[in-house]
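Asks: So here's final.txt (compact mmCIF, N, CA and C atoms and all ligand atoms).
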# COMPACT_ATOMS: atom_id res chain seq x y z
N MET A 1 -26.51 12.64 -75.41
CA MET A 1 -26.25 12.47 -73.98
C MET A 1 -24.83 12.89 -73.64
N THR A 2 -23.92 12.38 -74.45
CA THR A 2 -22.52 12.73 -74.24
C THR A 2 -22.32 14.23 -74.40
N PHE A 3 -23.06 14.74 -75.37
CA PHE A 3 -22.92 16.17 -75.65
C PHE A 3 -23.40 17.00 -74.45
N SER A 4 -24.61 16.63 -73.93
CA SER A 4 -25.17 17.44 -72.84
C SER A 4 -24.31 17.31 -71.57
N PHE A 5 -23.71 16.11 -71.40
CA PHE A 5 -22.81 15.94 -70.26
C PHE A 5 -21.60 16.86 -70.39
N ARG A 6 -21.05 16.86 -71.60
CA ARG A 6 -19.93 17.76 -71.89
C ARG A 6 -20.33 19.22 -71.67
N PHE A 7 -21.52 19.49 -72.12
CA PHE A 7 -22.07 20.85 -72.01
C PHE A 7 -22.11 21.28 -70.53
N ALA A 8 -22.66 20.36 -69.70
CA ALA A 8 -22.78 20.65 -68.28
C ALA A 8 -21.40 20.84 -67.65
N ARG A 9 -20.46 19.96 -68.05
CA ARG A 9 -19.10 20.06 -67.49
C ARG A 9 -18.44 21.37 -67.88
N LEU A 10 -18.74 21.74 -69.10
CA LEU A 10 -18.16 22.98 -69.62
C LEU A 10 -18.67 24.20 -68.85
N PHE A 11 -19.97 24.13 -68.56
CA PHE A 11 -20.58 25.32 -67.96
C PHE A 11 -20.67 25.26 -66.44
N PHE A 12 -20.27 24.12 -65.88
CA PHE A 12 -20.36 23.98 -64.42
C PHE A 12 -19.63 25.10 -63.66
N PRO A 13 -18.38 25.40 -64.07
CA PRO A 13 -17.69 26.50 -63.35
C PRO A 13 -18.44 27.82 -63.46
N ALA A 14 -19.02 28.05 -64.64
CA ALA A 14 -19.76 29.29 -64.84
C ALA A 14 -21.00 29.33 -63.94
N LEU A 15 -21.66 28.18 -63.82
CA LEU A 15 -22.84 28.09 -62.96
C LEU A 15 -22.46 28.35 -61.50
N CYS A 16 -21.31 27.79 -61.10
CA CYS A 16 -20.84 28.01 -59.74
C CYS A 16 -20.62 29.49 -59.48
N LEU A 17 -20.00 30.15 -60.45
CA LEU A 17 -19.74 31.58 -60.32
C LEU A 17 -21.04 32.35 -60.18
N LEU A 18 -22.02 31.94 -60.99
CA LEU A 18 -23.32 32.60 -60.97
C LEU A 18 -23.95 32.48 -59.59
N PHE A 19 -23.92 31.26 -59.06
CA PHE A 19 -24.52 31.05 -57.73
C PHE A 19 -23.76 31.81 -56.66
N ALA A 20 -22.45 31.87 -56.82
CA ALA A 20 -21.63 32.61 -55.85
C ALA A 20 -22.03 34.09 -55.87
N ALA A 21 -22.24 34.61 -57.07
CA ALA A 21 -22.60 36.02 -57.21
C ALA A 21 -23.96 36.29 -56.57
N VAL A 22 -24.90 35.36 -56.81
CA VAL A 22 -26.24 35.51 -56.22
C VAL A 22 -26.13 35.45 -54.70
N GLY A 23 -25.28 34.52 -54.22
CA GLY A 23 -25.08 34.37 -52.78
C GLY A 23 -24.57 35.65 -52.14
N VAL A 24 -23.62 36.28 -52.81
CA VAL A 24 -23.06 37.53 -52.27
C VAL A 24 -24.14 38.60 -52.20
N GLN A 25 -24.96 38.64 -53.25
CA GLN A 25 -26.00 39.65 -53.30
C GLN A 25 -27.01 39.45 -52.16
N ALA A 26 -27.36 38.17 -51.91
CA ALA A 26 -28.34 37.87 -50.87
C ALA A 26 -27.79 38.21 -49.49
N ALA A 27 -26.45 38.13 -49.36
CA ALA A 27 -25.84 38.39 -48.05
C ALA A 27 -25.78 39.89 -47.75
N THR A 28 -25.92 40.73 -48.77
CA THR A 28 -25.92 42.17 -48.54
C THR A 28 -27.24 42.54 -47.87
N PRO A 29 -27.16 43.10 -46.65
CA PRO A 29 -28.42 43.36 -45.95
C PRO A 29 -29.27 44.41 -46.66
N ALA A 30 -30.56 44.16 -46.69
CA ALA A 30 -31.48 45.10 -47.30
C ALA A 30 -31.51 46.40 -46.50
N LEU A 31 -31.27 46.24 -45.20
CA LEU A 31 -31.26 47.40 -44.31
C LEU A 31 -29.83 47.77 -43.98
N SER A 32 -29.44 48.97 -44.37
CA SER A 32 -28.09 49.44 -44.08
C SER A 32 -28.16 50.48 -42.96
N VAL A 33 -27.37 50.28 -41.94
CA VAL A 33 -27.35 51.20 -40.80
C VAL A 33 -26.01 51.92 -40.79
N SER A 34 -26.05 53.24 -40.77
CA SER A 34 -24.80 54.00 -40.73
C SER A 34 -24.97 55.19 -39.80
N ARG A 35 -23.84 55.86 -39.52
CA ARG A 35 -23.80 57.07 -38.69
C ARG A 35 -24.50 56.90 -37.35
N ALA A 36 -24.42 55.71 -36.79
CA ALA A 36 -25.03 55.48 -35.48
C ALA A 36 -24.20 56.15 -34.39
N TRP A 37 -24.87 56.81 -33.46
CA TRP A 37 -24.16 57.40 -32.32
C TRP A 37 -25.13 57.66 -31.18
N SER A 38 -24.57 57.75 -29.99
CA SER A 38 -25.34 58.09 -28.81
C SER A 38 -24.58 59.17 -28.05
N PRO A 39 -25.23 60.31 -27.79
CA PRO A 39 -24.52 61.39 -27.10
C PRO A 39 -24.16 60.99 -25.67
N GLU A 40 -22.92 61.26 -25.29
CA GLU A 40 -22.50 61.02 -23.91
C GLU A 40 -23.33 61.91 -22.98
N ALA A 41 -23.83 61.30 -21.90
CA ALA A 41 -24.69 62.04 -20.96
C ALA A 41 -24.04 62.07 -19.59
N PRO A 42 -24.40 63.07 -18.75
CA PRO A 42 -23.90 63.08 -17.38
C PRO A 42 -24.32 61.79 -16.65
N PRO A 43 -23.49 61.30 -15.71
CA PRO A 43 -23.77 60.02 -15.05
C PRO A 43 -25.14 59.93 -14.38
N VAL A 44 -25.71 61.08 -13.96
CA VAL A 44 -27.02 61.05 -13.29
C VAL A 44 -28.17 60.77 -14.26
N VAL A 45 -27.92 60.96 -15.55
CA VAL A 45 -28.98 60.78 -16.54
C VAL A 45 -29.21 59.28 -16.78
N LYS A 46 -30.46 58.87 -16.58
CA LYS A 46 -30.78 57.44 -16.69
C LYS A 46 -31.45 57.08 -18.00
N VAL A 47 -31.50 58.04 -18.92
CA VAL A 47 -32.08 57.79 -20.23
C VAL A 47 -31.13 58.34 -21.29
N LEU A 48 -30.75 57.49 -22.22
CA LEU A 48 -29.86 57.90 -23.31
C LEU A 48 -30.62 57.84 -24.63
N ALA A 49 -30.08 58.54 -25.62
CA ALA A 49 -30.70 58.52 -26.94
C ALA A 49 -29.74 57.89 -27.93
N ALA A 50 -30.28 57.31 -28.98
CA ALA A 50 -29.43 56.79 -30.07
C ALA A 50 -29.98 57.29 -31.39
N TYR A 51 -29.05 57.70 -32.24
CA TYR A 51 -29.41 58.23 -33.56
C TYR A 51 -28.68 57.44 -34.63
N MET A 52 -29.25 57.39 -35.82
CA MET A 52 -28.61 56.66 -36.91
C MET A 52 -29.34 56.92 -38.22
N LEU A 53 -28.71 56.48 -39.29
CA LEU A 53 -29.31 56.57 -40.61
C LEU A 53 -29.71 55.15 -41.03
N LEU A 54 -30.98 54.96 -41.34
CA LEU A 54 -31.48 53.65 -41.76
C LEU A 54 -31.82 53.72 -43.24
N GLU A 55 -31.10 52.93 -44.03
CA GLU A 55 -31.30 52.96 -45.48
C GLU A 55 -31.87 51.63 -45.95
N ASN A 56 -32.99 51.70 -46.60
CA ASN A 56 -33.63 50.51 -47.17
C ASN A 56 -33.16 50.33 -48.61
N ARG A 57 -32.27 49.35 -48.84
CA ARG A 57 -31.71 49.14 -50.17
C ARG A 57 -32.51 48.14 -50.99
N SER A 58 -33.65 47.72 -50.44
CA SER A 58 -34.46 46.73 -51.16
C SER A 58 -35.65 47.42 -51.83
N ASP A 59 -36.41 46.65 -52.61
CA ASP A 59 -37.59 47.22 -53.27
C ASP A 59 -38.87 46.87 -52.52
N ALA A 60 -38.71 46.49 -51.25
CA ALA A 60 -39.88 46.24 -50.39
C ALA A 60 -39.73 47.06 -49.11
N ASP A 61 -40.84 47.50 -48.56
CA ASP A 61 -40.77 48.26 -47.31
C ASP A 61 -40.18 47.39 -46.21
N ILE A 62 -39.48 48.03 -45.28
CA ILE A 62 -38.91 47.32 -44.13
C ILE A 62 -39.53 47.90 -42.86
N THR A 63 -39.96 47.01 -41.98
CA THR A 63 -40.49 47.45 -40.70
C THR A 63 -39.66 46.86 -39.58
N ILE A 64 -39.13 47.74 -38.73
CA ILE A 64 -38.43 47.30 -37.52
C ILE A 64 -39.49 47.23 -36.43
N LYS A 65 -39.74 46.03 -35.93
CA LYS A 65 -40.84 45.89 -34.97
C LYS A 65 -40.37 45.90 -33.52
N ALA A 66 -39.07 45.67 -33.31
CA ALA A 66 -38.56 45.69 -31.93
C ALA A 66 -37.07 45.99 -31.93
N ILE A 67 -36.62 46.63 -30.86
CA ILE A 67 -35.19 46.87 -30.66
C ILE A 67 -34.86 46.46 -29.23
N HIS A 68 -33.82 45.66 -29.10
CA HIS A 68 -33.40 45.22 -27.77
C HIS A 68 -31.93 45.54 -27.56
N SER A 69 -31.55 45.64 -26.30
CA SER A 69 -30.14 45.87 -25.96
C SER A 69 -29.81 45.17 -24.66
N PRO A 70 -28.67 44.47 -24.62
CA PRO A 70 -28.23 43.87 -23.35
C PRO A 70 -27.63 44.92 -22.41
N ASP A 71 -27.46 46.15 -22.90
CA ASP A 71 -26.75 47.18 -22.14
C ASP A 71 -27.66 48.14 -21.38
N VAL A 72 -28.98 48.02 -21.59
CA VAL A 72 -29.93 48.91 -20.92
C VAL A 72 -31.16 48.09 -20.50
N ASP A 73 -31.98 48.68 -19.61
CA ASP A 73 -33.18 47.96 -19.15
C ASP A 73 -34.19 47.77 -20.28
N SER A 74 -34.46 48.86 -21.02
CA SER A 74 -35.43 48.74 -22.11
C SER A 74 -35.14 49.76 -23.22
N VAL A 75 -35.65 49.46 -24.39
CA VAL A 75 -35.43 50.31 -25.56
C VAL A 75 -36.79 50.70 -26.14
N GLU A 76 -36.96 51.98 -26.43
CA GLU A 76 -38.21 52.43 -27.06
C GLU A 76 -37.91 53.26 -28.30
N ILE A 77 -38.85 53.24 -29.22
CA ILE A 77 -38.77 54.10 -30.40
C ILE A 77 -39.66 55.31 -30.12
N HIS A 78 -39.11 56.50 -30.24
CA HIS A 78 -39.87 57.71 -29.94
C HIS A 78 -39.94 58.65 -31.13
N SER A 79 -41.08 59.26 -31.28
CA SER A 79 -41.18 60.40 -32.19
C SER A 79 -41.48 61.63 -31.34
N ILE A 80 -41.33 62.80 -31.94
CA ILE A 80 -41.55 64.06 -31.22
C ILE A 80 -42.86 64.67 -31.72
N ARG A 81 -43.69 65.08 -30.78
CA ARG A 81 -44.95 65.72 -31.17
C ARG A 81 -45.04 67.10 -30.51
N ALA A 82 -45.41 68.08 -31.31
CA ALA A 82 -45.63 69.41 -30.77
C ALA A 82 -47.13 69.61 -30.58
N LYS A 83 -47.52 69.91 -29.34
CA LYS A 83 -48.93 70.14 -29.08
C LYS A 83 -49.08 71.29 -28.09
N ASP A 84 -49.89 72.29 -28.46
CA ASP A 84 -50.09 73.48 -27.63
C ASP A 84 -48.76 74.11 -27.22
N GLY A 85 -47.83 74.15 -28.16
CA GLY A 85 -46.54 74.76 -27.90
C GLY A 85 -45.62 73.92 -27.04
N MET A 86 -46.05 72.70 -26.70
CA MET A 86 -45.21 71.83 -25.89
C MET A 86 -44.70 70.68 -26.75
N MET A 87 -43.43 70.35 -26.58
CA MET A 87 -42.87 69.21 -27.28
C MET A 87 -42.94 67.99 -26.37
N SER A 88 -43.44 66.92 -26.90
CA SER A 88 -43.45 65.69 -26.10
C SER A 88 -43.00 64.51 -26.96
N MET A 89 -42.54 63.48 -26.29
CA MET A 89 -42.08 62.28 -26.99
C MET A 89 -43.20 61.25 -26.97
N VAL A 90 -43.42 60.65 -28.12
CA VAL A 90 -44.48 59.67 -28.24
C VAL A 90 -43.87 58.32 -28.62
N LYS A 91 -44.21 57.31 -27.86
CA LYS A 91 -43.70 55.97 -28.13
C LYS A 91 -44.33 55.40 -29.40
N GLN A 92 -43.47 54.81 -30.24
CA GLN A 92 -43.93 54.21 -31.50
C GLN A 92 -43.83 52.69 -31.40
N ASP A 93 -44.76 52.00 -32.04
CA ASP A 93 -44.73 50.53 -32.04
C ASP A 93 -43.64 49.98 -32.95
N HIS A 94 -43.33 50.73 -34.00
CA HIS A 94 -42.39 50.22 -34.99
C HIS A 94 -41.78 51.38 -35.77
N LEU A 95 -40.77 51.03 -36.56
CA LEU A 95 -40.15 51.99 -37.47
C LEU A 95 -40.32 51.46 -38.87
N ARG A 96 -40.84 52.28 -39.75
CA ARG A 96 -41.08 51.81 -41.12
C ARG A 96 -40.17 52.59 -42.06
N ILE A 97 -39.42 51.84 -42.88
CA ILE A 97 -38.55 52.48 -43.88
C ILE A 97 -39.04 52.03 -45.25
N PRO A 98 -39.67 52.95 -46.00
CA PRO A 98 -40.21 52.59 -47.32
C PRO A 98 -39.11 52.10 -48.27
N ALA A 99 -39.49 51.29 -49.24
CA ALA A 99 -38.55 50.74 -50.22
C ALA A 99 -37.69 51.83 -50.84
N GLY A 100 -36.40 51.63 -50.82
CA GLY A 100 -35.47 52.56 -51.47
C GLY A 100 -35.28 53.87 -50.75
N LYS A 101 -35.87 54.02 -49.57
CA LYS A 101 -35.80 55.30 -48.86
C LYS A 101 -34.84 55.23 -47.67
N THR A 102 -34.51 56.41 -47.15
CA THR A 102 -33.64 56.53 -45.99
C THR A 102 -34.40 57.23 -44.87
N LEU A 103 -34.30 56.69 -43.68
CA LEU A 103 -34.92 57.31 -42.52
C LEU A 103 -33.82 57.76 -41.58
N SER A 104 -33.84 59.05 -41.25
CA SER A 104 -32.80 59.60 -40.39
C SER A 104 -33.33 59.77 -38.98
N LEU A 105 -32.72 59.06 -38.04
CA LEU A 105 -33.06 59.25 -36.63
C LEU A 105 -32.09 60.30 -36.11
N GLN A 106 -32.62 61.45 -35.67
CA GLN A 106 -31.72 62.52 -35.26
C GLN A 106 -32.35 63.34 -34.15
N PRO A 107 -31.49 64.12 -33.44
CA PRO A 107 -31.98 64.93 -32.31
C PRO A 107 -33.18 65.78 -32.73
N GLY A 108 -34.21 65.80 -31.90
CA GLY A 108 -35.40 66.60 -32.17
C GLY A 108 -36.38 65.91 -33.10
N GLU A 109 -36.04 64.71 -33.57
CA GLU A 109 -36.95 63.96 -34.45
C GLU A 109 -37.08 62.53 -33.93
N ILE A 110 -37.41 61.62 -34.83
CA ILE A 110 -37.52 60.22 -34.40
C ILE A 110 -36.17 59.77 -33.84
N HIS A 111 -36.22 59.07 -32.72
CA HIS A 111 -34.97 58.60 -32.11
C HIS A 111 -35.22 57.32 -31.34
N ILE A 112 -34.14 56.70 -30.91
CA ILE A 112 -34.23 55.51 -30.07
C ILE A 112 -33.89 55.92 -28.65
N MET A 113 -34.75 55.54 -27.71
CA MET A 113 -34.56 55.89 -26.30
C MET A 113 -34.04 54.66 -25.57
N LEU A 114 -32.92 54.84 -24.89
CA LEU A 114 -32.28 53.76 -24.14
C LEU A 114 -32.51 54.03 -22.66
N ILE A 115 -33.37 53.25 -22.05
CA ILE A 115 -33.82 53.52 -20.69
C ILE A 115 -33.12 52.61 -19.69
N GLY A 116 -32.54 53.23 -18.67
CA GLY A 116 -31.87 52.46 -17.61
C GLY A 116 -30.58 51.82 -18.06
N PRO A 117 -29.56 52.64 -18.44
CA PRO A 117 -28.27 52.06 -18.84
C PRO A 117 -27.64 51.26 -17.70
N HIS A 118 -27.01 50.14 -18.04
CA HIS A 118 -26.45 49.24 -17.03
C HIS A 118 -25.11 49.71 -16.49
N LYS A 119 -24.54 50.75 -17.11
CA LYS A 119 -23.30 51.33 -16.61
C LYS A 119 -23.23 52.76 -17.12
N ILE A 120 -22.20 53.48 -16.68
CA ILE A 120 -22.01 54.84 -17.20
C ILE A 120 -21.26 54.74 -18.52
N PHE A 121 -21.92 55.13 -19.60
CA PHE A 121 -21.32 55.04 -20.92
C PHE A 121 -20.56 56.33 -21.23
N ARG A 122 -19.27 56.15 -21.54
CA ARG A 122 -18.40 57.28 -21.84
C ARG A 122 -18.09 57.30 -23.33
N ASP A 123 -17.61 58.45 -23.76
CA ASP A 123 -17.15 58.64 -25.13
C ASP A 123 -16.26 57.45 -25.55
N GLY A 124 -16.61 56.81 -26.64
CA GLY A 124 -15.82 55.68 -27.14
C GLY A 124 -16.41 54.33 -26.79
N ASP A 125 -17.30 54.29 -25.78
CA ASP A 125 -17.96 53.02 -25.45
C ASP A 125 -18.94 52.64 -26.56
N LEU A 126 -19.31 51.37 -26.58
CA LEU A 126 -20.28 50.89 -27.56
C LEU A 126 -21.53 50.37 -26.86
N ILE A 127 -22.68 50.70 -27.41
CA ILE A 127 -23.96 50.16 -26.91
C ILE A 127 -24.49 49.22 -27.99
N SER A 128 -24.72 47.98 -27.60
CA SER A 128 -25.18 46.98 -28.57
C SER A 128 -26.69 47.03 -28.73
N LEU A 129 -27.14 47.07 -29.96
CA LEU A 129 -28.58 47.04 -30.25
C LEU A 129 -28.88 45.90 -31.21
N THR A 130 -29.98 45.24 -31.01
CA THR A 130 -30.46 44.24 -31.97
C THR A 130 -31.78 44.72 -32.54
N LEU A 131 -31.79 44.93 -33.85
CA LEU A 131 -33.01 45.34 -34.54
C LEU A 131 -33.72 44.09 -35.03
N THR A 132 -35.00 43.95 -34.70
CA THR A 132 -35.79 42.82 -35.19
C THR A 132 -36.80 43.32 -36.20
N LEU A 133 -36.73 42.75 -37.40
CA LEU A 133 -37.65 43.14 -38.47
C LEU A 133 -38.93 42.31 -38.38
N ASP A 134 -39.97 42.77 -39.05
CA ASP A 134 -41.24 42.05 -38.96
C ASP A 134 -41.20 40.69 -39.66
N ASN A 135 -40.17 40.47 -40.49
CA ASN A 135 -40.03 39.14 -41.12
C ASN A 135 -39.19 38.19 -40.26
N GLY A 136 -38.83 38.67 -39.06
CA GLY A 136 -38.08 37.83 -38.13
C GLY A 136 -36.58 37.99 -38.21
N GLU A 137 -36.10 38.65 -39.28
CA GLU A 137 -34.66 38.87 -39.41
C GLU A 137 -34.16 39.78 -38.30
N GLN A 138 -32.93 39.52 -37.86
CA GLN A 138 -32.34 40.38 -36.83
C GLN A 138 -31.02 40.94 -37.32
N GLN A 139 -30.75 42.15 -36.88
CA GLN A 139 -29.50 42.81 -37.24
C GLN A 139 -28.89 43.44 -35.99
N GLN A 140 -27.66 43.06 -35.71
CA GLN A 140 -27.00 43.59 -34.52
C GLN A 140 -26.11 44.76 -34.94
N ILE A 141 -26.19 45.85 -34.17
CA ILE A 141 -25.32 46.99 -34.46
C ILE A 141 -24.69 47.48 -33.16
N ASP A 142 -23.52 48.08 -33.28
CA ASP A 142 -22.86 48.70 -32.14
C ASP A 142 -22.94 50.21 -32.30
N VAL A 143 -23.54 50.86 -31.31
CA VAL A 143 -23.71 52.32 -31.37
C VAL A 143 -22.62 52.96 -30.52
N PRO A 144 -21.70 53.69 -31.15
CA PRO A 144 -20.64 54.34 -30.38
C PRO A 144 -21.16 55.56 -29.61
N VAL A 145 -20.70 55.69 -28.38
CA VAL A 145 -21.04 56.86 -27.56
C VAL A 145 -20.04 57.96 -27.90
N ARG A 146 -20.56 59.17 -28.15
CA ARG A 146 -19.68 60.29 -28.52
C ARG A 146 -20.08 61.52 -27.73
N LYS A 147 -19.05 62.36 -27.48
CA LYS A 147 -19.34 63.66 -26.87
C LYS A 147 -20.09 64.50 -27.91
N ARG A 148 -21.03 65.30 -27.42
CA ARG A 148 -21.73 66.20 -28.33
C ARG A 148 -20.76 67.24 -28.88
N ASP A 149 -21.05 67.72 -30.09
CA ASP A 149 -20.17 68.69 -30.71
C ASP A 149 -20.33 70.09 -30.10
N PHE A 150 -21.45 70.28 -29.41
CA PHE A 150 -21.71 71.62 -28.88
C PHE A 150 -21.69 71.63 -27.36
CU CU B 1 -37.37 59.86 -26.42
Transcribe the structure of this file into structure tokens.
Ligand SMILES: [Cu+2]
Replies:
Amino acid sequence: MTFSFRFARLFFPALCLLFAAVGVQAATPALSVSRAWSPEAPPVVKVLAAYMLLENRSDADITIKAIHSPDVDSVEIHSIRAKDGMMSMVKQDHLRIPAGKTLSLQPGEIHIMLIGPHKIFRDGDLISLTLTLDNGEQQQIDVPVRKRDF
């Protein structure tokens, strides 16, 4: 008994370190969002786009089931479809990022549509987005508005 008590006391700091390490790992989001941006648009334009890189660092698929923003009336996920030589945008119910994969939202491909901006967003402004995953987790990101390079 005395021995096991000593044993526990001896290893208690090590156990704490172990739990701390596990804690840090759990706090690392499975979904990493980078290179987020929204092209600055003329003030008359009432629909903005947002692009970003979504990286799934976990070994399970991630589904984003909703995106909300306090800065616009509504947010939609769009893909682009070519039909009869015409390009059209199709609303998607969700965004799926397979385990270990990266999904790039970029001009001419899947993108986020920001409908009815609440103000005129200029280069350097931030648009707040909240991504809701199908497991209920939420992730808030700030999308910087930038002038287009071209
Ligand atoms: Cu669109």
Asks: Of the candidates A:Met113, A:Ile120, A:Val47, A:Ile141, which one gets nearest to ligand CU 1 (chain B) if we count only C-alpha atoms and all ligand atoms?
Replies: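 Smallest separation from ligand CU 1 (chain B) among the options: A:Met113.
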Asks: Show me which residues line ligand CU 1 (chain B), defined as having an atom within 10 Å of a ligand atom where only C-alpha atoms and all ligand atoms count, and present them as a list in words.
Replies: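 Counting only what the definition allows, namely only C-alpha atoms and all ligand atoms, the set is Val47, Leu48, Ala49, Ala50, Val75, Glu76, Ile77, His78, Ser79, Ile80, Ser88, Met89, Val90, Lys91, Pro107, Gly108, Glu109, Ile110, His111, Ile112, Met113, Leu114 and Ile115 of chain A.
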Asks: Show me, as a list in words, the residues that have an atom within 6.5 Å of region 37-44 of chain A when counting only N, CA and C atoms, minus same-chain residues fewer than 3 positions from it.
Replies: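 Here the qualifying residues turn out to be Val47, Ala49, Ala50, Tyr51, Met52, Ile120, Phe121, Arg122, Asp123, Val143, Pro144, Val145, Arg146, Lys147 and Arg148 of chain A.
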Asks: Extract, using only C-alpha atoms, all DNA, RNA and protein residues at most 9 Å from region 55-68 of chain A, discarding same-chain residues fewer than 4 positions from it, and format them as a tab-separated table (two decimals) with N, CA and C atoms, in the coordinates of the input.
Replies:
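Once written, around.tsv looks like this:
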chain	number	residue	atom	x	y	z
A	29	PRO	N	-27.16	43.10	-46.65
A	29	PRO	CA	-28.42	43.36	-45.95
A	29	PRO	C	-29.27	44.41	-46.66
A	30	ALA	N	-30.56	44.16	-46.69
A	30	ALA	CA	-31.48	45.10	-47.30
A	30	ALA	C	-31.51	46.40	-46.50
A	31	LEU	N	-31.27	46.24	-45.20
A	31	LEU	CA	-31.26	47.40	-44.31
A	31	LEU	C	-29.83	47.77	-43.98
A	32	SER	N	-29.44	48.97	-44.37
A	32	SER	CA	-28.09	49.44	-44.08
A	32	SER	C	-28.16	50.48	-42.96
A	33	VAL	N	-27.37	50.28	-41.94
A	33	VAL	CA	-27.35	51.20	-40.80
A	33	VAL	C	-26.01	51.92	-40.79
A	34	SER	N	-26.05	53.24	-40.77
A	34	SER	CA	-24.80	54.00	-40.73
A	34	SER	C	-24.97	55.19	-39.80
A	72	VAL	N	-28.98	48.02	-21.59
A	72	VAL	CA	-29.93	48.91	-20.92
A	72	VAL	C	-31.16	48.09	-20.50
A	74	SER	N	-34.46	48.86	-21.02
A	74	SER	CA	-35.43	48.74	-22.11
A	74	SER	C	-35.14	49.76	-23.22
A	75	VAL	N	-35.65	49.46	-24.39
A	75	VAL	CA	-35.43	50.31	-25.56
A	75	VAL	C	-36.79	50.70	-26.14
A	76	GLU	N	-36.96	51.98	-26.43
A	76	GLU	CA	-38.21	52.43	-27.06
A	76	GLU	C	-37.91	53.26	-28.30
A	77	ILE	N	-38.85	53.24	-29.22
A	77	ILE	CA	-38.77	54.10	-30.40
A	77	ILE	C	-39.66	55.31	-30.12
A	93	ASP	N	-44.76	52.00	-32.04
A	93	ASP	CA	-44.73	50.53	-32.04
A	93	ASP	C	-43.64	49.98	-32.95
A	94	HIS	N	-43.33	50.73	-34.00
A	94	HIS	CA	-42.39	50.22	-34.99
A	94	HIS	C	-41.78	51.38	-35.77
A	95	LEU	N	-40.77	51.03	-36.56
A	95	LEU	CA	-40.15	51.99	-37.47
A	95	LEU	C	-40.32	51.46	-38.87
A	96	ARG	N	-40.84	52.28	-39.75
A	96	ARG	CA	-41.08	51.81	-41.12
A	96	ARG	C	-40.17	52.59	-42.06
A	97	ILE	N	-39.42	51.84	-42.88
A	97	ILE	CA	-38.55	52.48	-43.88
A	97	ILE	C	-39.04	52.03	-45.25
A	98	PRO	N	-39.67	52.95	-46.00
A	98	PRO	CA	-40.21	52.59	-47.32
A	98	PRO	C	-39.11	52.10	-48.27
A	99	ALA	N	-39.49	51.29	-49.24
A	99	ALA	CA	-38.55	50.74	-50.22
A	99	ALA	C	-37.69	51.83	-50.84
A	100	GLY	N	-36.40	51.63	-50.82
A	100	GLY	CA	-35.47	52.56	-51.47
A	100	GLY	C	-35.28	53.87	-50.75
A	101	LYS	N	-35.87	54.02	-49.57
A	101	LYS	CA	-35.80	55.30	-48.86
A	101	LYS	C	-34.84	55.23	-47.67
A	102	THR	N	-34.51	56.41	-47.15
A	102	THR	CA	-33.64	56.53	-45.99
A	102	THR	C	-34.40	57.23	-44.87
A	103	LEU	N	-34.30	56.69	-43.68
A	103	LEU	CA	-34.92	57.31	-42.52
A	103	LEU	C	-33.82	57.76	-41.58
A	104	SER	N	-33.84	59.05	-41.25
A	104	SER	CA	-32.80	59.60	-40.39
A	104	SER	C	-33.33	59.77	-38.98
A	112	ILE	N	-34.14	56.70	-30.91
A	112	ILE	CA	-34.23	55.51	-30.07
A	112	ILE	C	-33.89	55.92	-28.65
A	128	SER	N	-24.72	47.98	-27.60
A	128	SER	CA	-25.18	46.98	-28.57
A	128	SER	C	-26.69	47.03	-28.73
A	129	LEU	N	-27.14	47.07	-29.96
A	129	LEU	CA	-28.58	47.04	-30.25
A	129	LEU	C	-28.88	45.90	-31.21
A	130	THR	N	-29.98	45.24	-31.01
A	130	THR	CA	-30.46	44.24	-31.97
A	130	THR	C	-31.78	44.72	-32.54
A	131	LEU	N	-31.79	44.93	-33.85
A	131	LEU	CA	-33.01	45.34	-34.54
A	131	LEU	C	-33.72	44.09	-35.03
A	132	THR	N	-35.00	43.95	-34.70
A	132	THR	CA	-35.79	42.82	-35.19
A	132	THR	C	-36.80	43.32	-36.20
A	133	LEU	N	-36.73	42.75	-37.40
A	133	LEU	CA	-37.65	43.14	-38.47
A	133	LEU	C	-38.93	42.31	-38.38
A	134	ASP	N	-39.97	42.77	-39.05
A	134	ASP	CA	-41.24	42.05	-38.96
A	134	ASP	C	-41.20	40.69	-39.66
A	135	ASN	N	-40.17	40.47	-40.49
A	135	ASN	CA	-40.03	39.14	-41.12
A	135	ASN	C	-39.19	38.19	-40.26
Asks: Need the shell around Asp73 (chain A): protein/DNA/RNA residues with any atom at most 6 Å away, counting only N, CA and C atoms. Skip same-chain ones fewer than 5 positions apart. Format as a list in words?
Replies: Ile115, Gly116, Pro117 and His118 of chain A
Asks: Go ahead and compute the interatomic distance for atom N of Ser69 (chain A) and CA of Gln106 (chain A), in Å to one decimal.
Replies: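 It comes out at 19.1 Å.
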Asks: Which of region 7-137 of chain A counts as strand (DSSP E or B) under DSSP, as an MDAnalysis selection string please?
Replies: chainID A and resid 31:39 47:56 62:68 72:83 86:92 95:97 102:105 111:117 126:133
Asks: What's the separation between CA of Ala36 (chain A) and atom N of Ala82 (chain A), in Å to one decimal place?
Replies: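 Separation between CA of Ala36 (chain A) and atom N of Ala82 (chain A): 24.3 Å.
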Asks: So how many Å separate atom C of Gly124 (chain A) and CA of Gln138 (chain A), to one decimal?
Replies: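 For atom C of Gly124 (chain A) relative to CA of Gln138 (chain A), the distance reads 23.4 Å.
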Asks: Run DSSP on the backbone of this structure and report the residues of region 14-149 of chain A it assigns to helix (DSSP H, G or I), as a list in words.
Replies: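 Matching residues, listed in order: Ala14, Leu15, Cys16, Leu17, Leu18, Phe19, Ala20, Ala21, Val22, Gly23, Val24, Gln25, Ala26 and Ala27 of chain A.
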